[in-house]
Amino acid sequence: MYDVYLLASRRNGTLYCGVTNRLLARVYEHKTKQALGFTTRYGVDKLVWFESHELVNNAITRENRIKRWRRAWKVALIEKANPDWDDLYWKLGGVDPAVIVPETYRMWERQE
């Protein structure tokens with residue numbers, strides 16, 4: 001399965017759209033700031049929406065369409081499925097990086 005997903009920095013905050021075939025692992029990378037770039041720069045790490053596809057081409061097509069959408073349409077998509085903007089990572093069984101990564105290796109917590 002391939003997942004198209006939307007991350008947010010907070011409710012009505014900065015949004016990011018991506019596609020992956022390992023959703024929990026990918027969101028974990030965003031949470032621990034291993035995915036350098038836009039999401040790290042803007043603190044975007046809350047999984048607020050996702051959609052699964054069997055074929056990678058369908059997932060990529062959907063991702064590209066959503067990326068071209070107006071922000072209001074993305075917000076409506078999120079709020080239809082997740083009106084409280086809950087972080088779905090936890091509901092899907094995601095693990096807390098602070099529990100499994102020793103403190104000395106928690107790069108995402110360090111102030112630069």
# chains A, B, ... in the order shown; residues from 1 in each chain; ligands from 1
>>> select_by_dssp(residues="chain A", states="alpha helix (DSSP H)", output="VMD selection string")
chain A and resid 23 to 31 38 to 42 56 to 68 71 to 81 88 to 91 97 to 100
>>> residues_around(residues="region 10-21 of chain A", least_positions_apart="4", cutoff="7 Å", atoms="only C-alpha atoms", output="list in words")
Met1, Tyr2, Asp3, Val4, Tyr5, Leu6, Val44, Ala59, Ile60, Glu63, Lys67 and Trp85 of chain A
>>> residues_around(residues="Asn82 (chain A)", least_positions_apart="5", cutoff="9 Å", atoms="only C-alpha atoms", output="PyMOL selection string")
chain A and resi 48-49+77+88
>>> closest_residue(among="A:Ile78, A:Arg22, A:Lys91, A:Ala8", to="Tyr42 (chain A)", atoms="only C-alpha atoms")
A:Ala8
>>> atom_distance(atom1="CA of Thr32 (chain A)", atom2="CA of Ser9 (chain A)")
13.7 Å
>>> residues_around(residues="Arg41 (chain A)", least_positions_apart="2", cutoff="12 Å", atoms="only C-alpha atoms", output="ChimeraX atom specification")
/A:9,14,16,30-31,33-39,43-45,108
>>> closest_residue(among="A:Glu79, A:Glu29, A:Ile66, A:Leu47", to="Leu92 (chain A)", atoms="only C-alpha atoms")
A:Leu47
>>> atom_distance(atom1="CA of Asp84 (chain A)", atom2="CA of Val27 (chain A)")
18.9 Å
>>> atom_distance(atom1="CA of Pro83 (chain A)", atom2="CA of Asn57 (chain A)")
28.6 Å
>>> closest_residue(among="A:Lys74, A:Ala25, A:Leu7, A:Arg65", to="Asp86 (chain A)", atoms="only C-alpha atoms")
A:Leu7
>>> residues_around(residues="Leu24 (chain A)", least_positions_apart="4", cutoff="7 Å", atoms="only C-alpha atoms", output="CSV table (one decimal) with N, CA and C atoms, in the first residue's frame")
chain,number,residue,atom,x,y,z
A,28,TYR,N,7.5,9.3,11.6
A,28,TYR,CA,8.5,9.3,12.6
A,28,TYR,C,9.8,10.1,12.2
A,89,TYR,N,-0.9,9.9,13.9
A,89,TYR,CA,0.3,9.1,14.2
A,89,TYR,C,0.1,8.2,15.4
A,94,GLY,N,1.8,4.8,16.4
A,94,GLY,CA,3.2,5.4,16.4
A,94,GLY,C,3.8,5.4,17.7
>>> select_by_dssp(residues="chain A", states="strand (DSSP E)", output="list in words")
Tyr2, Asp3, Val4, Tyr5, Leu6, Leu7, Ala8, Leu15, Tyr16, Cys17, Gly18, Val19, Thr20, Lys46, Leu47, Val48, Trp49, Phe50, Glu51, Ser52 and His53 of chain A
>>> decode(residues="region 45-64 of chain A", atoms="N, CA, C and O atoms", output="short mmCIF file (atom, residue, chain, number, x, y, z; two decimals), in the first residue's frame")
data_model
loop_
_atom_site.label_atom_id
_atom_site.label_comp_id
_atom_site.auth_asym_id
_atom_site.auth_seq_id
_atom_site.Cartn_x
_atom_site.Cartn_y
_atom_site.Cartn_z
N ASP A 45 5.00 18.28 11.63
CA ASP A 45 5.18 16.87 11.97
C ASP A 45 3.94 16.17 12.51
O ASP A 45 4.02 15.07 13.04
N LYS A 46 2.77 16.76 12.38
CA LYS A 46 1.54 16.14 12.87
C LYS A 46 0.77 15.55 11.70
O LYS A 46 0.36 16.27 10.79
N LEU A 47 0.57 14.25 11.73
CA LEU A 47 -0.18 13.57 10.68
C LEU A 47 -1.67 13.87 10.87
O LEU A 47 -2.28 13.41 11.83
N VAL A 48 -2.25 14.65 9.97
CA VAL A 48 -3.65 15.06 10.14
C VAL A 48 -4.58 14.42 9.11
O VAL A 48 -5.81 14.47 9.27
N TRP A 49 -4.04 13.80 8.07
CA TRP A 49 -4.87 13.14 7.05
C TRP A 49 -3.99 12.20 6.26
O TRP A 49 -2.81 12.46 6.03
N PHE A 50 -4.58 11.07 5.84
CA PHE A 50 -3.90 10.18 4.91
C PHE A 50 -4.93 9.37 4.14
O PHE A 50 -6.08 9.24 4.55
N GLU A 51 -4.47 8.85 3.01
CA GLU A 51 -5.33 8.07 2.13
C GLU A 51 -4.46 6.99 1.51
O GLU A 51 -3.36 7.28 1.02
N SER A 52 -4.93 5.75 1.51
CA SER A 52 -4.15 4.62 1.00
C SER A 52 -4.53 4.27 -0.44
O SER A 52 -5.70 4.36 -0.82
N HIS A 53 -3.52 3.84 -1.19
CA HIS A 53 -3.69 3.42 -2.58
C HIS A 53 -2.90 2.14 -2.80
O HIS A 53 -1.81 1.98 -2.25
N GLU A 54 -3.44 1.25 -3.62
CA GLU A 54 -2.72 0.00 -3.92
C GLU A 54 -1.59 0.22 -4.91
O GLU A 54 -0.56 -0.43 -4.84
N LEU A 55 -1.78 1.14 -5.83
CA LEU A 55 -0.78 1.37 -6.88
C LEU A 55 -0.03 2.67 -6.63
O LEU A 55 -0.63 3.72 -6.35
N VAL A 56 1.28 2.62 -6.76
CA VAL A 56 2.11 3.79 -6.51
C VAL A 56 1.76 4.93 -7.47
O VAL A 56 1.77 6.09 -7.08
N ASN A 57 1.45 4.61 -8.71
CA ASN A 57 1.12 5.67 -9.68
C ASN A 57 -0.13 6.44 -9.26
O ASN A 57 -0.20 7.66 -9.44
N ASN A 58 -1.12 5.73 -8.72
CA ASN A 58 -2.33 6.39 -8.24
C ASN A 58 -2.02 7.31 -7.06
O ASN A 58 -2.56 8.41 -6.97
N ALA A 59 -1.16 6.86 -6.16
CA ALA A 59 -0.79 7.66 -4.99
C ALA A 59 -0.03 8.92 -5.42
O ALA A 59 -0.31 10.01 -4.92
N ILE A 60 0.89 8.77 -6.34
CA ILE A 60 1.67 9.92 -6.81
C ILE A 60 0.77 10.92 -7.54
O ILE A 60 0.90 12.14 -7.34
N THR A 61 -0.14 10.42 -8.34
CA THR A 61 -1.07 11.30 -9.05
C THR A 61 -1.92 12.08 -8.05
O THR A 61 -2.09 13.30 -8.18
N ARG A 62 -2.44 11.39 -7.03
CA ARG A 62 -3.25 12.05 -6.01
C ARG A 62 -2.44 13.09 -5.25
O ARG A 62 -2.90 14.20 -4.99
N GLU A 63 -1.20 12.75 -4.88
CA GLU A 63 -0.33 13.70 -4.18
C GLU A 63 -0.12 14.96 -5.03
O GLU A 63 -0.25 16.09 -4.53
N ASN A 64 0.18 14.78 -6.29
CA ASN A 64 0.42 15.92 -7.17
C ASN A 64 -0.82 16.79 -7.32
O ASN A 64 -0.72 18.02 -7.38
#
